[in-house]
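What follows is the content of work-v3.csv (CSV, C-alpha atoms).
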chain,number,residue,atom,x,y,z
A,1,MET,CA,179.7,-55.2,-13.0
A,2,SER,CA,180.9,-57.5,-10.2
A,3,VAL,CA,181.0,-61.3,-9.7
A,4,VAL,CA,177.6,-61.0,-8.1
A,5,THR,CA,175.9,-59.0,-10.7
A,6,PHE,CA,177.5,-61.2,-13.4
A,7,LEU,CA,176.1,-64.3,-11.7
A,8,GLN,CA,172.7,-62.7,-11.5
A,9,ASP,CA,172.8,-62.0,-15.2
A,10,LEU,CA,173.7,-65.6,-15.9
A,11,ILE,CA,170.9,-67.0,-13.7
A,12,ARG,CA,168.4,-64.9,-15.6
A,13,ILE,CA,169.2,-66.6,-18.9
A,14,GLU,CA,167.7,-70.0,-19.1
A,15,SER,CA,170.2,-72.5,-20.6
A,16,LEU,CA,168.9,-76.0,-20.8
A,17,PRO,CA,171.0,-78.5,-22.8
A,18,LYS,CA,171.0,-77.7,-26.5
A,19,GLN,CA,169.6,-74.2,-25.6
A,20,GLU,CA,172.8,-72.5,-24.4
A,21,SER,CA,173.4,-70.0,-27.2
A,22,ALA,CA,172.0,-67.0,-25.4
A,23,LEU,CA,174.1,-67.8,-22.3
A,24,ALA,CA,177.2,-68.4,-24.5
A,25,ALA,CA,176.8,-65.0,-26.1
A,26,ARG,CA,176.5,-63.3,-22.6
A,27,VAL,CA,179.6,-65.1,-21.4
A,28,LEU,CA,181.6,-64.0,-24.4
A,29,ILE,CA,180.5,-60.4,-23.9
A,30,GLU,CA,181.8,-60.5,-20.4
A,31,TYR,CA,185.2,-62.1,-21.4
A,32,ARG,CA,185.7,-59.4,-24.0
A,33,LYS,CA,184.6,-56.5,-21.7
A,34,LEU,CA,187.0,-57.6,-18.9
A,35,GLY,CA,190.0,-57.6,-21.2
A,36,PHE,CA,190.6,-61.3,-21.8
A,37,ASP,CA,193.2,-61.9,-24.6
A,38,GLU,CA,190.9,-64.1,-26.6
A,39,ALA,CA,187.2,-65.2,-26.3
A,40,TRP,CA,185.5,-67.5,-28.8
A,41,LYS,CA,183.0,-70.2,-29.4
A,42,ASP,CA,183.7,-73.5,-31.2
A,43,HIS,CA,181.6,-75.5,-33.7
A,44,ALA,CA,180.0,-77.5,-30.8
A,45,GLY,CA,178.8,-74.4,-29.0
A,46,ASN,CA,181.5,-74.5,-26.3
A,47,VAL,CA,182.8,-71.1,-25.0
A,48,PHE,CA,186.5,-70.4,-24.4
A,49,GLY,CA,188.4,-67.5,-22.8
A,50,LEU,CA,192.2,-67.0,-22.7
A,51,VAL,CA,194.3,-65.0,-20.4
A,52,ARG,CA,198.0,-65.3,-21.3
A,53,GLY,CA,200.6,-66.1,-18.7
A,54,SER,CA,203.8,-64.3,-17.8
A,55,GLU,CA,205.9,-67.2,-18.9
A,56,PRO,CA,205.7,-69.8,-21.7
A,57,GLY,CA,204.7,-73.4,-21.3
A,58,ALA,CA,201.7,-75.6,-20.8
A,59,GLY,CA,198.9,-73.8,-18.9
A,60,TRP,CA,195.9,-74.3,-16.7
A,61,MET,CA,192.3,-75.1,-17.9
A,62,LEU,CA,189.5,-73.9,-15.7
A,63,LEU,CA,186.4,-76.0,-16.5
A,64,THR,CA,182.7,-75.3,-15.8
A,65,HIS,CA,179.8,-75.6,-18.3
A,66,LEU,CA,176.9,-73.7,-19.8
A,67,ASP,CA,173.8,-75.8,-19.2
A,68,HIS,CA,171.6,-76.5,-16.2
A,69,VAL,CA,168.8,-79.0,-15.4
A,70,ASP,CA,165.1,-78.2,-15.6
A,71,VAL,CA,163.5,-76.3,-12.8
A,72,GLY,CA,160.4,-78.5,-12.5
A,73,ASP,CA,157.4,-77.0,-10.8
A,74,HIS,CA,158.0,-73.3,-10.2
A,75,VAL,CA,155.6,-73.4,-7.3
A,76,GLN,CA,158.1,-75.5,-5.3
A,77,TRP,CA,160.7,-72.7,-5.4
A,78,GLN,CA,160.7,-70.3,-2.5
A,79,HIS,CA,162.7,-67.9,-4.7
A,80,PRO,CA,161.9,-67.6,-8.5
A,81,PRO,CA,164.4,-69.9,-10.2
A,82,PHE,CA,165.4,-67.4,-12.9
A,83,ALA,CA,165.3,-64.1,-10.9
A,84,GLY,CA,168.9,-64.2,-9.6
A,85,MET,CA,167.6,-62.8,-6.3
A,86,LEU,CA,170.2,-61.5,-3.9
A,87,GLU,CA,169.1,-61.7,-0.3
A,88,ASP,CA,171.2,-61.4,2.9
A,89,GLY,CA,174.4,-62.2,1.1
A,90,ILE,CA,173.0,-65.2,-0.8
A,91,VAL,CA,172.2,-65.5,-4.6
A,92,HIS,CA,169.3,-67.7,-5.3
A,93,GLY,CA,168.3,-69.5,-8.5
A,94,ARG,CA,168.8,-72.4,-10.9
A,95,GLY,CA,172.5,-72.7,-11.7
A,96,ALA,CA,173.6,-70.7,-8.6
A,97,VAL,CA,175.9,-73.6,-7.6
A,98,ASP,CA,175.6,-75.8,-10.7
A,99,ILE,CA,177.3,-74.1,-12.3
A,100,LYS,CA,176.9,-70.4,-13.0
A,101,GLY,CA,178.3,-69.5,-9.6
A,102,PRO,CA,181.6,-71.2,-10.2
A,103,LEU,CA,181.7,-69.9,-13.8
A,104,ALA,CA,181.3,-66.3,-12.5
A,105,ALA,CA,184.0,-66.9,-9.8
A,106,GLN,CA,186.5,-68.2,-12.3
A,107,THR,CA,185.8,-65.3,-14.7
A,108,TYR,CA,186.3,-62.7,-12.0
A,109,THR,CA,189.4,-64.4,-10.6
A,110,LEU,CA,191.1,-63.7,-13.9
A,111,PHE,CA,189.6,-60.1,-14.0
A,112,ARG,CA,191.1,-59.4,-10.6
A,113,ILE,CA,194.5,-60.5,-11.9
A,114,LEU,CA,194.2,-58.3,-15.0
A,115,GLU,CA,192.8,-55.4,-12.9
A,116,ARG,CA,196.0,-55.4,-10.9
A,117,LYS,CA,198.1,-55.1,-14.1
A,118,SER,CA,199.4,-58.6,-13.5
A,119,ARG,CA,199.4,-62.0,-15.2
A,120,PRO,CA,199.0,-65.6,-14.2
A,121,LYS,CA,202.2,-67.5,-14.2
A,122,ARG,CA,201.0,-69.6,-17.2
A,123,ASN,CA,198.3,-69.3,-19.7
A,124,VAL,CA,194.8,-69.9,-18.3
A,125,ILE,CA,192.1,-71.2,-20.6
A,126,LEU,CA,188.5,-71.0,-19.4
A,127,CYS,CA,186.5,-73.8,-21.0
A,128,VAL,CA,182.8,-73.6,-20.7
A,129,PRO,CA,181.3,-76.6,-22.6
A,130,ALA,CA,177.7,-77.2,-23.7
A,131,GLU,CA,175.5,-80.2,-22.8
A,132,GLU,CA,177.3,-81.3,-19.6
A,133,GLU,CA,174.1,-82.3,-17.9
A,134,THR,CA,173.2,-84.8,-20.7
A,135,GLY,CA,176.4,-86.7,-20.8
A,136,GLY,CA,179.2,-84.4,-21.9
A,137,GLU,CA,178.8,-83.9,-25.7
A,138,GLY,CA,180.5,-80.5,-25.5
A,139,ILE,CA,183.6,-81.7,-23.6
A,140,ALA,CA,183.8,-84.8,-25.8
A,141,PHE,CA,184.2,-82.5,-28.8
A,142,VAL,CA,186.9,-80.6,-27.0
A,143,THR,CA,188.9,-83.6,-26.1
A,144,ALA,CA,188.5,-85.1,-29.6
A,145,ASN,CA,190.1,-82.0,-31.0
A,146,LEU,CA,193.0,-81.3,-28.6
A,147,PRO,CA,195.0,-79.2,-28.4
A,148,VAL,CA,192.6,-76.3,-27.9
A,149,THR,CA,193.1,-73.9,-30.8
A,150,THR,CA,192.3,-70.2,-30.9
A,151,PRO,CA,190.5,-68.6,-33.9
A,152,GLN,CA,194.0,-67.4,-35.0
A,153,HIS,CA,195.1,-71.1,-35.1
A,154,GLU,CA,197.3,-70.8,-32.0
A,155,LYS,CA,197.6,-74.2,-30.3
A,156,LEU,CA,197.3,-74.0,-26.5
A,157,GLU,CA,198.9,-76.8,-24.4
A,158,ILE,CA,197.1,-77.8,-21.3
A,159,GLY,CA,199.2,-78.9,-18.3
A,160,ALA,CA,196.4,-79.6,-15.9
A,161,CYS,CA,192.7,-78.8,-15.3
A,162,ILE,CA,190.8,-77.3,-12.3
A,163,VAL,CA,187.2,-78.5,-12.5
A,164,GLY,CA,185.0,-75.9,-11.0
A,165,GLU,CA,182.0,-78.0,-10.0
A,166,PRO,CA,180.7,-77.0,-6.5
A,167,SER,CA,182.7,-78.4,-3.6
A,168,SER,CA,182.2,-75.7,-0.9
A,169,ASN,CA,185.7,-74.6,-1.8
A,170,ARG,CA,187.1,-78.0,-0.9
A,171,VAL,CA,189.9,-79.5,-3.1
A,172,MET,CA,188.5,-82.6,-4.8
A,173,LEU,CA,190.3,-85.6,-6.1
A,174,GLY,CA,187.7,-87.0,-8.5
A,175,HIS,CA,184.5,-89.0,-8.6
A,176,ARG,CA,183.0,-92.4,-9.3
A,177,GLY,CA,182.0,-93.5,-12.8
A,178,ILE,CA,178.5,-93.9,-14.2
A,179,CYS,CA,177.1,-97.2,-15.3
A,180,ARG,CA,173.4,-97.1,-16.3
A,181,SER,CA,172.0,-100.5,-17.2
A,182,THR,CA,168.5,-101.9,-18.0
A,183,VAL,CA,167.4,-105.2,-16.5
A,184,SER,CA,164.3,-106.7,-18.1
A,185,PHE,CA,161.9,-109.1,-16.4
A,186,HIS,CA,159.8,-111.4,-18.7
A,187,GLY,CA,156.4,-112.9,-18.2
A,188,ARG,CA,153.1,-113.4,-20.1
A,189,ALA,CA,150.4,-110.8,-20.3
A,190,HIS,CA,147.1,-112.0,-18.8
A,191,HIS,CA,144.0,-110.7,-17.1
A,192,ALA,CA,144.8,-109.6,-13.6
A,193,SER,CA,141.9,-111.6,-12.2
A,194,LEU,CA,143.8,-114.8,-13.0
A,195,ALA,CA,146.6,-113.9,-10.6
A,196,LEU,CA,149.2,-116.1,-12.4
A,197,LYS,CA,152.2,-115.4,-10.2
A,198,ASP,CA,154.7,-117.5,-12.2
A,199,GLU,CA,153.8,-115.5,-15.3
A,200,ASN,CA,153.7,-112.0,-13.7
A,201,PRO,CA,157.2,-110.4,-14.1
A,202,HIS,CA,156.6,-108.2,-11.0
A,203,TYR,CA,157.5,-111.2,-8.8
A,204,GLN,CA,160.8,-111.6,-10.7
A,205,LEU,CA,161.5,-108.0,-10.2
A,206,ALA,CA,160.8,-108.3,-6.5
A,207,GLN,CA,163.3,-111.1,-6.1
A,208,PHE,CA,165.9,-109.1,-8.0
A,209,LEU,CA,165.4,-106.1,-5.8
A,210,MET,CA,165.9,-108.1,-2.6
A,211,ARG,CA,169.1,-109.5,-4.0
A,212,LEU,CA,170.3,-106.1,-5.0
A,213,TYR,CA,169.4,-104.8,-1.5
A,214,SER,CA,171.8,-107.3,0.0
A,215,LEU,CA,174.6,-106.9,-2.5
A,216,GLU,CA,178.1,-106.0,-1.3
A,217,LEU,CA,180.0,-103.8,-3.7
A,218,PRO,CA,183.7,-102.8,-4.0
A,219,GLN,CA,185.4,-100.3,-1.8
A,220,HIS,CA,188.1,-97.9,-3.2
A,221,ALA,CA,190.7,-96.2,-1.1
A,222,ILE,CA,190.0,-92.8,-2.6
A,223,LEU,CA,186.6,-93.0,-4.3
A,224,GLY,CA,184.9,-94.9,-1.4
A,225,SER,CA,182.2,-97.4,-2.0
A,226,SER,CA,180.5,-98.3,-5.3
A,227,SER,CA,176.7,-98.0,-5.2
A,228,ILE,CA,173.6,-99.2,-7.2
A,229,SER,CA,170.2,-97.5,-7.1
A,230,PRO,CA,167.1,-98.7,-8.9
A,231,THR,CA,165.5,-95.7,-10.5
A,232,VAL,CA,162.8,-96.0,-13.2
A,233,ILE,CA,160.4,-98.9,-13.9
A,234,ARG,CA,158.6,-99.2,-17.2
A,235,ALA,CA,156.0,-101.8,-18.2
A,236,ASP,CA,154.7,-102.7,-21.7
A,237,THR,CA,151.2,-102.0,-20.6
A,238,THR,CA,149.2,-99.1,-19.1
A,239,SER,CA,146.1,-101.1,-18.3
A,240,ASP,CA,145.4,-101.5,-14.6
A,241,ASN,CA,143.8,-104.9,-15.0
A,242,LEU,CA,146.5,-106.5,-17.1
A,243,SER,CA,149.8,-108.0,-16.1
A,244,PRO,CA,152.7,-107.0,-18.4
A,245,ASN,CA,154.7,-109.2,-20.7
A,246,ARG,CA,157.9,-107.3,-19.7
A,247,ILE,CA,159.1,-104.9,-17.1
A,248,ASP,CA,162.3,-102.8,-17.6
A,249,LEU,CA,164.2,-101.6,-14.6
A,250,THR,CA,166.8,-98.9,-14.9
A,251,ILE,CA,169.7,-99.1,-12.4
A,252,ASP,CA,172.1,-96.3,-11.7
A,253,TRP,CA,175.5,-97.8,-10.8
A,254,ARG,CA,178.2,-95.6,-9.5
A,255,THR,CA,181.4,-97.5,-10.1
A,256,THR,CA,184.8,-97.3,-8.5
A,257,SER,CA,187.0,-100.1,-10.0
A,258,GLU,CA,184.4,-102.2,-11.9
A,259,THR,CA,185.1,-103.0,-15.5
A,260,GLY,CA,182.4,-103.7,-18.1
A,261,GLU,CA,183.1,-107.4,-17.5
A,262,ASP,CA,182.8,-107.0,-13.7
A,263,VAL,CA,179.4,-105.4,-14.3
A,264,ARG,CA,178.2,-108.3,-16.5
A,265,GLN,CA,179.3,-110.9,-14.0
A,266,ILE,CA,177.5,-109.2,-11.1
A,267,LEU,CA,174.3,-108.7,-13.1
A,268,THR,CA,174.5,-112.3,-14.3
A,269,LYS,CA,174.7,-113.5,-10.6
A,270,LEU,CA,171.8,-111.2,-9.6
A,271,ILE,CA,169.4,-112.6,-12.3
A,272,ALA,CA,170.4,-116.2,-11.9
A,273,GLY,CA,167.2,-118.4,-11.9
A,274,LEU,CA,165.0,-115.5,-12.9
A,275,HIS,CA,163.2,-114.9,-16.2
A,276,ALA,CA,165.4,-111.9,-16.8
A,277,SER,CA,168.0,-110.4,-19.1
A,278,PHE,CA,170.0,-107.2,-19.1
A,279,SER,CA,171.9,-104.8,-21.3
A,280,SER,CA,175.2,-103.2,-20.2
A,281,TYR,CA,178.3,-101.6,-21.8
A,282,ASP,CA,182.0,-101.2,-21.6
A,283,ASP,CA,183.8,-97.9,-20.8
A,284,TRP,CA,182.8,-95.0,-23.1
A,285,GLN,CA,180.0,-97.0,-24.6
A,286,GLY,CA,176.3,-96.5,-24.5
A,287,GLY,CA,173.0,-96.8,-26.3
A,288,ALA,CA,169.2,-96.6,-25.9
A,289,HIS,CA,169.4,-98.7,-22.7
A,290,GLY,CA,172.2,-97.1,-20.8
A,291,ILE,CA,175.8,-95.9,-20.7
A,292,LYS,CA,179.1,-96.7,-19.0
A,293,ASN,CA,181.5,-93.8,-18.4
A,294,PRO,CA,184.4,-94.2,-16.0
A,295,GLY,CA,185.2,-91.8,-13.2
A,296,PHE,CA,188.6,-90.5,-12.3
A,297,TYR,CA,190.8,-89.8,-9.4
A,298,THR,CA,194.0,-88.0,-8.7
A,299,GLU,CA,196.3,-89.1,-5.9
A,300,PRO,CA,196.2,-86.9,-2.8
A,301,ASP,CA,200.0,-86.5,-2.9
A,302,GLN,CA,200.0,-85.3,-6.5
A,303,PRO,CA,202.0,-82.0,-6.6
A,304,ASP,CA,199.1,-79.8,-8.0
A,305,VAL,CA,196.8,-81.2,-5.3
A,306,LEU,CA,199.3,-80.3,-2.6
A,307,ALA,CA,199.9,-76.8,-4.0
A,308,LEU,CA,196.2,-76.0,-4.2
A,309,GLN,CA,195.6,-77.4,-0.7
A,310,LYS,CA,198.4,-75.3,0.7
A,311,THR,CA,197.1,-72.2,-1.0
A,312,LEU,CA,193.6,-72.9,0.4
A,313,LEU,CA,194.9,-73.4,4.0
A,314,GLY,CA,196.6,-70.0,3.8
A,315,PHE,CA,193.1,-68.4,3.6
A,316,ASP,CA,191.1,-71.0,5.5
A,317,PRO,CA,193.2,-72.9,8.2
A,318,ASP,CA,190.2,-75.1,8.9
A,319,ALA,CA,189.8,-76.3,5.4
A,320,LEU,CA,188.9,-80.0,5.0
A,321,GLU,CA,191.3,-82.5,3.6
A,322,PRO,CA,190.7,-83.2,-0.2
A,323,GLY,CA,187.5,-85.2,-0.9
A,324,VAL,CA,185.5,-86.6,-3.8
A,325,TRP,CA,182.3,-85.6,-5.4
A,326,ASN,CA,179.1,-87.7,-5.3
A,327,PHE,CA,178.2,-86.8,-8.8
A,328,ALA,CA,180.0,-87.0,-12.2
A,329,THR,CA,181.7,-84.2,-14.0
A,330,ASP,CA,183.2,-83.4,-17.4
A,331,GLY,CA,186.6,-83.9,-15.8
A,332,ARG,CA,186.4,-87.6,-16.6
A,333,TYR,CA,186.9,-86.7,-20.3
A,334,LEU,CA,190.0,-84.6,-19.7
A,335,HIS,CA,191.5,-87.2,-17.4
A,336,HIS,CA,190.9,-89.9,-20.0
A,337,ALA,CA,192.7,-87.6,-22.5
A,338,GLY,CA,195.8,-87.6,-20.2
A,339,ILE,CA,195.3,-84.2,-18.5
A,340,ALA,CA,195.6,-84.2,-14.8
A,341,CYS,CA,192.4,-82.9,-13.1
A,342,ILE,CA,191.6,-81.6,-9.6
A,343,GLY,CA,188.4,-80.1,-8.4
A,344,PHE,CA,187.8,-76.8,-6.6
A,345,GLY,CA,184.5,-74.9,-6.8
A,346,PRO,CA,182.4,-72.6,-4.7
A,347,GLY,CA,178.9,-73.6,-3.5
A,348,ASN,CA,177.4,-76.6,-1.7
A,349,GLN,CA,177.2,-79.6,-4.0
A,350,ASP,CA,174.2,-80.9,-2.1
A,351,LEU,CA,172.1,-78.0,-3.4
A,352,ALA,CA,172.7,-78.8,-7.1
A,353,HIS,CA,169.5,-79.7,-9.0
A,354,THR,CA,167.3,-78.8,-6.0
A,355,THR,CA,164.6,-76.2,-5.7
A,356,LYS,CA,166.6,-74.5,-2.9
A,357,GLU,CA,169.7,-73.9,-5.1
A,358,HIS,CA,171.7,-70.9,-3.8
A,359,ILE,CA,175.2,-69.7,-3.2
A,360,TYR,CA,176.8,-67.5,-0.6
A,361,VAL,CA,178.6,-64.4,-1.8
A,362,GLY,CA,181.3,-65.2,0.8
A,363,ASP,CA,181.9,-68.6,-1.0
A,364,LEU,CA,182.5,-66.8,-4.3
A,365,GLU,CA,184.9,-64.3,-2.7
A,366,LEU,CA,186.9,-67.0,-0.9
A,367,HIS,CA,187.2,-68.9,-4.2
A,368,ILE,CA,188.5,-65.9,-6.0
A,369,LEU,CA,191.1,-65.2,-3.4
A,370,VAL,CA,192.4,-68.7,-3.4
A,371,LEU,CA,192.4,-69.3,-7.1
A,372,GLU,CA,194.0,-65.9,-7.8
A,373,LYS,CA,197.0,-66.6,-5.6
A,374,PHE,CA,197.3,-70.1,-6.9
A,375,LEU,CA,197.4,-69.1,-10.6
A,376,LEU,CA,199.8,-66.3,-9.9
A,377,GLU,CA,202.3,-68.6,-8.1
A,378,ASN,CA,201.9,-72.1,-9.6
A,379,VAL,CA,202.5,-73.9,-12.9
A,380,PRO,CA,201.2,-77.4,-13.7
A,381,SER,CA,203.4,-80.0,-12.1
A,382,LYS,CA,203.6,-82.0,-15.4
A,383,THR,CA,205.6,-79.1,-16.9
A,384,ARG,CA,207.9,-78.2,-14.0
Can you dump the structure from the file as structure tokens?
Amino acid sequence: MSVVTFLQDLIRIESLPKQESALAARVLIEYRKLGFDEAWKDHAGNVFGLVRGSEPGAGWMLLTHLDHVDVGDHVQWQHPPFAGMLEDGIVHGRGAVDIKGPLAAQTYTLFRILERKSRPKRNVILCVPAEEETGGEGIAFVTANLPVTTPQHEKLEIGACIVGEPSSNRVMLGHRGICRSTVSFHGRAHHASLALKDENPHYQLAQFLMRLYSLELPQHAILGSSSISPTVIRADTTSDNLSPNRIDLTIDWRTTSETGEDVRQILTKLIAGLHASFSSYDDWQGGAHGIKNPGFYTEPDQPDVLALQKTLLGFDPDALEPGVWNFATDGRYLHHAGIACIGFGPGNQDLAHTTKEHIYVGDLELHILVLEKFLLENVPSKTR
């Protein structure tokens, strides 16, 4: 086995949210075969592996996840989504970058260390949660039950976490939060032939969208600009000749510094004078009509960030400065639990969730080289 053949095996096992058990079993087989000190699954279906460090103290967590999104129409894929095809140094398939490629790379980083009869400087815990793609139920269970505990009841202290989501092997500082709200527009159902504009909620929706189009949102020094995208529209009728009583619009709001109260004030301003209402939430809340989970960021001069960037530059002198992800990760839960998080993963994040998902073998190899050296030489700054 190699990192490539392991990745191919992972891709060939479909693992939608709540259907990860077969993949979890395959990952545990690999951890045990490669000689990890511990490998287990918890009550929420999350998988863990442990490689002990050469010295005591709080260790590193390497974070990926088990699940992937649906493939959609197979006809749209140039390469079969579950074949794990290797072609010209590229592995194709669903999960290649999000996130089975990073999972394979983290696994074989630790194998390379063990293969050389060495040890990372501190304990390394591989954490592979379930249900990341549907909001993070797996990692929520992990953080609610810290410290991580082995089946032999050993409590493992975590000093910092490296989130392995795809970043083209760029060090990442974090990402924006998710605020998903529903705005409802109210009217009165009537026969379309009457053309009662004042009672047709579509016109209220149109005014709202124009206001939203012109809205200026906060800027953040690290996370960049907040953004709002209207996504799904639902009406309470399916008849083509009937105007609806109500239209519900889902908006996907990527927050930087906005609190729940900020969101409510902005939405109140946007619907002023319209026959409209909205539902929204505070941090770590949600319901049938949305969620609000904060993002996170780590300062660029944080010692772990500087150490990882220095290690990366030793292998790639042209490496970019640390950046931020467009999408959300499970790292937000660990950050909220007081664990410093930085990002570093192989694969192009722009390919995640697409029908062209693939990863270069060279990306995997570079990731292993950098991460191996980093874990052999560094301890989490919180514990220095």
So, with all atoms listed in the file as the atoms that count, which of A:Val324, A:Leu63, A:Val361, A:Leu110 lies closest to Ser225 of chain A?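 Nearest candidate to Ser225 of chain A out of A:Val324, A:Leu63, A:Val361, A:Leu110: A:Val324.
Residue nearest Gly57 of chain A within the list A:Pro322, A:Gly343, A:Gly159, A:Gly314: A:Gly159 [criterion: smallest interatomic distance, only C-alpha atoms].
Closest approach to Asp330 of chain A among A:Ile139, A:Ile247, A:Val97, A:Ala58 is made by A:Ile139 (distances from all atoms listed in the file).
For segment 102-106 of chain A, the residues within 8 Å (counting only C-alpha atoms, excluding itself and residues fewer than 5 positions away along the chain) are Val3, Val4, Phe6, Leu7, Leu62, Thr64, His65, Val97, Leu126, Val128, Gly164, Glu165, Pro166, Gly345, Pro346, Gly347, Leu364, Glu365, His367, Ile368 and Leu371 of chain A.
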Using Å and a single decimal, report how far atom CA of Pro218 of chain A sits from atom CA of Ile342 of chain A.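 For atom CA of Ile342 of chain A relative to atom CA of Pro218 of chain A, the distance reads 23.3 Å.
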Given the choices A:Arg176, A:Lys121, A:Arg211, A:Lys356, which gets closest to Lys269 of chain A if the distance is worked out from all atoms listed in the file? A:Arg211
Extract, using all atoms listed in the file, all DNA, RNA and protein residues at most 9 Å from segment 238-246 of chain A, discarding same-chain residues fewer than 3 positions from it, and format them as a PyMOL selection string. chain A and resi 184-193+195-196+199-202+234-235
Spatial neighbours of Pro300 of chain A, max dist 8 Å, only C-alpha atoms, sep filter under 4 positions, as a PyMOL selection string: chain A and resi 173+305-306+322
Which residue of A:Glu115, A:Glu372, A:Glu38, A:Asp363 approaches Ile90 of chain A most closely, using only C-alpha atoms: A:Asp363
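The smallest atom-to-atom distance between Ala96 of chain A and any of A:Asn326, A:Gln302, A:Thr109, A:Gln8, using only C-alpha atoms, is found for A:Gln8.
If you look at atom CA of Arg32 of chain A and atom CA of Ile125 of chain A, they are 13.8 Å away from each other.
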d(atom CA of Gly338 of chain A, atom CA of Val379 of chain A) in Å: 16.9 Å
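For segment 69-76 of chain A, the residues within 12 Å (counting only C-alpha atoms, excluding itself and residues fewer than 5 positions away along the chain) are Ile11, Glu14, Ser15, Leu16, Pro17, Lys18, Gln19, Glu20, Pro81, Phe82, Ala83, Gly93, Arg94, Gly95, Ala96, Val97, Asp98, Ile99, Glu131, Glu132, Glu133, Thr134, Ala352, His353, Thr354, Thr355, Lys356 and Glu357 of chain A.
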Write out as a count of residues only each polymer residue whose atoms come within 8 Å of Tyr281 of chain A, counting all atoms listed in the file; drop sequence neighbours fewer than 6 positions from it. 6
